[in-house]
Amino acid sequence: MALGSSVNEEDYKSNNSPARDSEMKIIEDSNKNADVDNKNETNNKVNGVCNEKLPDKKEENEDEQEKGNADENKSKDEVVFIQDVGFSVKIISPGADPFDIQVSSMELIQEIHQLLMDREDTCHRTCFSLQLDGNTLDNFAELKNIEGLKEGSVIKVVEEPYTMREARIHVRHVRDLLKSLDPADAYNGVDCNSLSFLNTVTQGDILEKKKMRPESVDCTPPDYIMPEGKDRPLTALQPQHKDQKVPQCVKVLTTSAWNPPPGHRKIHGDLMYLYVVTLEDKHYHISACSRGFYINQSTEEEFNPKPATPSHLCHSLIELLNQISPLFKRHFAVLQKKRNQRHPFERVATPYQIYSWTAPIIDHTIDAIRAEDTFSSKLGYEEHIPGQTRDWNEELQTTRELPRKSLPERLLRERAIFKVHSDFVAAATRGAMAVIDGNVMAINPGEEAKMQMFIWNNIFFSLGFDVRDHYKELGGDAAAFVAPRNDLQGVRVYSAVDLPGLYTLGTVVIDYRGYRVTAQSIIPGILEREQEQSVVYGSIDFGKTVLSHPKYLELLNKAGQQLKILPHHVINDKSESVELCSSVECKGIIGNDGRYYILDLLRTFPPDVNFLRLDEELSKESKLLGFPIEHKHKLRCLRQELIDSFVDSRYMMFIKYAAYHLQQINLKSEEIISTTGKSKDKKDDEEKKDFETEEAKKIVESVTDGNKLEIEESTKNIVRTAAIAVGSLKDTEFDIRFNPDIYSPGIRHCDKNDPPLVKQKQLVKDAAEFLLTVQIPSFIRDCLDHSSPPMDGVTLSDVMHNRGINIRYLGKVCNLLSKVKQLEYLHSIAAGEIILRAAKHIFTTYLQSTEMMYLSVAIAHFLNCFLYSGTVNNPMQGVDEFQTKTNKKRNKRRGRTNPLMCNDSNEWANLTPKSLWQQLKHELKSYFDYEFLANDIESVIEVYSLQKVSLLRSFCLKTGIQVLLRDYNFDSKNKLIFYEEDILNIFPIVKHINPRATDAYNFYTTGQNKIQQGYLKDGYELINEALNLLNNVYGAMHPEIAQCLRMIARLNYIMGEHTEAMAYQQKAVLMSERVNGIDHPYTITEYAHLALYCFANSQVSTALKLLYRARYLALIVCGENHPEVALLDSNISLILHAVGEYELSLRFLEKALALNIKYYGAKSLKVAVSYHLVARTQSCMGNFRSALNSEKEAYTIYKQQLGDSHEKTRESSECLKHLTQQAVVLQKKMNEIYTGKNGGTLPPIQIQPPSMGSVLDMLNVINGILFVQISQEDIENFKAEIEKRQLSEEMNGEEIKTKELECE
């Protein structure tokens, strides 16, 4: 590889797994051929409607949004600009046939490099340059800037001489090729590898399957997923492939012990020596020189670097191995074939590491390169980067400074920010683990272990303990533990505001082995001087000395307008008034680079007074709910989502209040003018009250503009009273902002220059009350429609956070849920989550008191105390005596080992189930104010209808434990569930901000709106463009890309493009498995969607396998009682019905019916559909009497809900007639047989198996997909209809109907 400009060399990862930018290249290529043919047809097809959201971006920069709206008109031109030109070029590589590849004008030459290093016939090369007409191309040039490069150009691959670095990269690449199918890295959570089982579940790539005839369907579900089954085997979580064995290519490939080459060999060109043992058991020593690799004459005992005869000099190590080992050649070819059969999405690295909570036992193989990496003094792969360690702070801040005026500039900027950020997160995680594992020297080694700080790889690490009584007033260690997380929230919102000129630190919070580590990038110059000298804004002693700085005030004021932070004055110890526009703790430091940094953002948001003991009273409502509750620490803040909702709701109050009164005045003046003076009729009055919000805004804004000087006094008064009514800080206009310091202990406020303190305090109280009286009840109300019900603690937390409800309210939410019968399942999930969080708190301190040597025993012991109902003995009884003795000796001798390691007290071994559940009870009361109704695991399972396997899964995900993949016997009474061999690993839990692709988000939402307005083709194009932009920013893999793919798949399906839908949804499933996790609730949804599209493509048995997988995952995650399971069961039963498996079908249907009655009520239309399906299946089995009863139930519901004349009611009535006829015929024949008339025999029952088409229609109905068959002429009427409907109600995009069809 020619060494191009080395500025961007960091893109080049040492292990040469394709750099993120270029992963797209591999993937695009695999898709290009498929997409080209379909794109043109797709857009002319029938269009349909649907509505799925990317994650809510409340914290979105408002400027960005305005810009987004402004850009909407321009977007068309910009889209054209960004859709780059694709063309094909011919590649000629030594020793391979010439071939064509598809490239695009915006790619870098480096991406062609990566593509060639991934292709089967060229993957063994790493050190080459690309030449066009004899000129070497620059690696970092864009294709569009290269003269003479056009469609059909010939690019030559030219072998370049090796350097030491290139030789090492080459050896690493060869090792990666040989390891490319080995799942060990995914189980061990390294190099951003993760698991994916879709192609194992479907037994091969679904896109390559021939359409199967429905007869050849094996559809027996495994026993463990049958309704009412109690068995929850874990082993099925990771189904094993039949030909899983990866062929071994060499026995040993390692760097030789003769390294490095001595001086006299260096000047002969030796770069490094390798040692290889082939499968034929021959031993070779190999030299790397600038021309390639050759065999030398050294042996284990004797150094003789001269070339052997024959020396087999080859430019590539793989070519050399092919020549000396026939078995290598054969096995490597097999490996390559298998590697290329895998979908690109199974191979590409994910942006952040995903850890698997279960793993089988993996053989630990000899891998000298891995070993060398671990123990080399360098920091893993950074040695391949110019300048050795990376200056993270400089990279993070420089990317933020990139220009962002045009769309291409913003894409480049966001891509750079995302790339550097994900690299930083990976490096910070590795550093934090090294710190806790005792692998990094402290910068203050003389101090106590908890006070030590570390620097590794240009990242600063500190531990979450209250070291210098910093947090004494605020709750000591408890406060020190949450401060980093609060700080991270502050970093998140300031990064989202993205104000030019204001800088935050790269921040990652890592929980590992019971310790919380904060990793931060380092402000230039901060280490050379004391903190007191550096801080120019804020306070380092909680408000005694307070400094301010005009530039900081200007910057923070701008940001504060979006974050609703009120500039305020505080009084320092010299009794001077100082203005701040943030909390007192927020510090401003000007770095040596001249940038304005802010740090310690732990109080960016106002305090949550519901959890503070104050001298003041809270409102009546809050008191009734049991607040205030005293908490362990005083760093409780409200969330930004809550602040936004609160301000929006107050603004609506303000607008409606003012508008109503303004309209009254206008009416009065009109009445005075009008001579007739007739009173308006009542209808007008009602319209006044129900004032259209938009109109109201216009009226009020015209008044508050202040441009018209002659505003009448009366209108001013109205605005004033409206402002007072909503608690605005200014009387003349709407102004709601918060003072984050208002309740901070020890801080004196200056009332002169600020709005009255009473008002400031009242606003904070009102916001806390709004959370209790509006947000929590509306959250529970919205859960009642079960539209996207949370399946586990993680998804529940997300839904709560999106509404600004903190997890500390979960106890209260739990109590409210327990009163709602239809939300039983959500009550279970919430109760499970609250118990697991309490258990995690206890487990954290438990781990800190455990010695490294006993970690696995201690974790198994804790899990037994938590989940096992028998007696659990002290695990240290009978432990090998020698261990403890030698330990004591060793500790005496060495003074002390890793400072974070505790003494040998083995305190942890005294934990018993009883003591653990008492601690849990106490923790639930003190932290969540929750009265716990159980004393041990069995009563918990019973009272809260939980299951142990789900508790184990969630606990492992929360704490980073990885357990052995085996079928645990959770019900055993006399044998422990867990043993030390079952605990395989502990992973870090990593929290960080998520940089966003703002333009892609704007395209996506615009696309959704277009679809809802009926511009279906435009919408589809915009969402496709959003996918391009997402790929541009995030690379190949990202949770948001998975969601976008799901949306495109669904649109294709609605437009009748079933094969396209299946192809996109397959990518969505693979990606969700890789970036969310193989058992994440989103992955379950993706599986269910894919099953529907497979069925539409006549892949019936595949559809069933996917649904069985989805049902199995749902059982592990949340158990059977869940609305999603009802939907899955309806799908499974319909498909089983289609293939004539009526009895199986009926079992799933009856479960779905029971669940639907439970969650939607006995009179809901969903239940009617279920009854109808049950009747259909029963009649197919010849059981007409039961069928009649079921159909009657359906008929009754339709009649009640829709009336006699509705077509659904009529259909049901027809069905009843038909069934009655059948039943009468059958009864007659039975009677004839009984009375023995003319030898009567039962006639064969006439059963028409349903057509595939009718089953598909029914599947669409229960999955809420409705088709809109539209000709161009109809679109106008359609749009008019939609506009009418939008006025009358808030529409749900998926349910645009062409006829009144109840999709329940």
# chains A, B, ... in the order shown; residues from 1 in each chain; ligands from 1
>>> residues_around(residues="stretch 1094-1107 of chain A", least_positions_apart="5", cutoff="10 Å", atoms="only C-alpha atoms", output="ChimeraX atom specification")
/A:198,201-203,206-207,209-222,1053,1056-1059,1061-1063,1065-1066,1084-1089,1112-1113,1128-1129,1131-1133,1135-1136,1138-1139,1252-1253,1255-1257,1259
>>> residues_around(residues="A:Ala1152", least_positions_apart="3", cutoff="8 Å", atoms="only C-alpha atoms", output="PyMOL selection string")
chain A and resi 1125-1127+1129-1130+1148-1149+1155-1156+1170
>>> write_last_selection(atoms="N, CA and C atoms", output="PDB file, in the first residue's frame")
ATOM      1  N   VAL A1125     -47.028 -10.843  22.395  1.00  0.00           N
ATOM      2  CA  VAL A1125     -47.138 -12.295  22.239  1.00  0.00           C
ATOM      3  C   VAL A1125     -48.500 -12.639  21.620  1.00  0.00           C
ATOM      4  N   ALA A1126     -49.533 -11.868  21.992  1.00  0.00           N
ATOM      5  CA  ALA A1126     -50.859 -12.096  21.394  1.00  0.00           C
ATOM      6  C   ALA A1126     -50.782 -11.917  19.885  1.00  0.00           C
ATOM      7  N   LEU A1127     -50.060 -10.876  19.449  1.00  0.00           N
ATOM      8  CA  LEU A1127     -49.928 -10.609  18.013  1.00  0.00           C
ATOM      9  C   LEU A1127     -49.139 -11.727  17.332  1.00  0.00           C
ATOM     10  N   ASP A1129     -48.858 -14.783  18.311  1.00  0.00           N
ATOM     11  CA  ASP A1129     -49.661 -16.013  18.283  1.00  0.00           C
ATOM     12  C   ASP A1129     -50.720 -15.959  17.180  1.00  0.00           C
ATOM     13  N   SER A1130     -51.305 -14.781  16.977  1.00  0.00           N
ATOM     14  CA  SER A1130     -52.292 -14.668  15.885  1.00  0.00           C
ATOM     15  C   SER A1130     -51.605 -14.953  14.550  1.00  0.00           C
ATOM     16  N   PHE A1148     -52.604 -21.877  19.410  1.00  0.00           N
ATOM     17  CA  PHE A1148     -52.047 -20.524  19.419  1.00  0.00           C
ATOM     18  C   PHE A1148     -53.164 -19.474  19.395  1.00  0.00           C
ATOM     19  N   LEU A1149     -54.237 -19.783  18.622  1.00  0.00           N
ATOM     20  CA  LEU A1149     -55.337 -18.827  18.531  1.00  0.00           C
ATOM     21  C   LEU A1149     -56.009 -18.619  19.875  1.00  0.00           C
ATOM     22  N   LEU A1155     -55.340 -13.529  25.578  1.00  0.00           N
ATOM     23  CA  LEU A1155     -54.519 -12.329  25.833  1.00  0.00           C
ATOM     24  C   LEU A1155     -55.243 -11.074  25.350  1.00  0.00           C
ATOM     25  N   ASN A1156     -55.880 -11.161  24.171  1.00  0.00           N
ATOM     26  CA  ASN A1156     -56.584  -9.977  23.649  1.00  0.00           C
ATOM     27  C   ASN A1156     -57.717  -9.556  24.575  1.00  0.00           C
ATOM     28  N   SER A1170     -60.306 -12.183  16.716  1.00  0.00           N
ATOM     29  CA  SER A1170     -59.805 -13.450  17.266  1.00  0.00           C
ATOM     30  C   SER A1170     -60.916 -14.506  17.313  1.00  0.00           C
TER      31      SER A1170
END
>>> residues_around(residues="A:Val943", least_positions_apart="6", cutoff="12 Å", atoms="only C-alpha atoms", output="ChimeraX atom specification")
/A:818,824,827-828,831-832,932-937
>>> closest_residue(among="A:Ile571, A:Ile989, A:Val820, A:Ile526", to="A:Asp751", atoms="only C-alpha atoms")
A:Ile571
>>> closest_residue(among="A:His315, A:His285, A:Lys306, A:Lys752", to="A:His170", atoms="only C-alpha atoms")
A:His315
>>> residues_around(residues="A:Asn1032", least_positions_apart="2", cutoff="8 Å", atoms="only C-alpha atoms", output="number ranges by chain")
A: 21, 411, 415, 1028-1030, 1034-1035
>>> residues_around(residues="stretch 770-781 of chain A", least_positions_apart="5", cutoff="7 Å", atoms="only C-alpha atoms", output="VMD selection string")
chain A and resid 646 803 805
>>> write_last_selection(atoms="N, CA, C and O atoms", output="mmCIF file, in the first residue's frame")
data_model
loop_
_atom_site.group_PDB
_atom_site.id
_atom_site.type_symbol
_atom_site.label_atom_id
_atom_site.label_comp_id
_atom_site.auth_asym_id
_atom_site.auth_seq_id
_atom_site.Cartn_x
_atom_site.Cartn_y
_atom_site.Cartn_z
ATOM 1 N N PHE A 646 -42.908 20.687 29.875
ATOM 2 C CA PHE A 646 -43.506 21.645 30.807
ATOM 3 C C PHE A 646 -43.618 23.023 30.149
ATOM 4 O O PHE A 646 -44.672 23.663 30.189
ATOM 5 N N ARG A 803 -40.459 10.779 28.200
ATOM 6 C CA ARG A 803 -41.464 11.689 28.750
ATOM 7 C C ARG A 803 -40.912 12.512 29.900
ATOM 8 O O ARG A 803 -41.650 13.210 30.585
ATOM 9 N N ILE A 805 -39.672 11.291 32.699
ATOM 10 C CA ILE A 805 -39.913 10.691 34.028
ATOM 11 C C ILE A 805 -38.646 9.964 34.453
ATOM 12 O O ILE A 805 -38.190 9.054 33.763
#
>>> select_by_dssp(residues="stretch 910-1116 of chain A", states="strand (DSSP E)", output="ChimeraX atom specification")
/A:961-964,983-986,989-992
>>> residues_around(residues="A:Leu279", least_positions_apart="5", cutoff="12 Å", atoms="only C-alpha atoms", output="count of residues only")
19
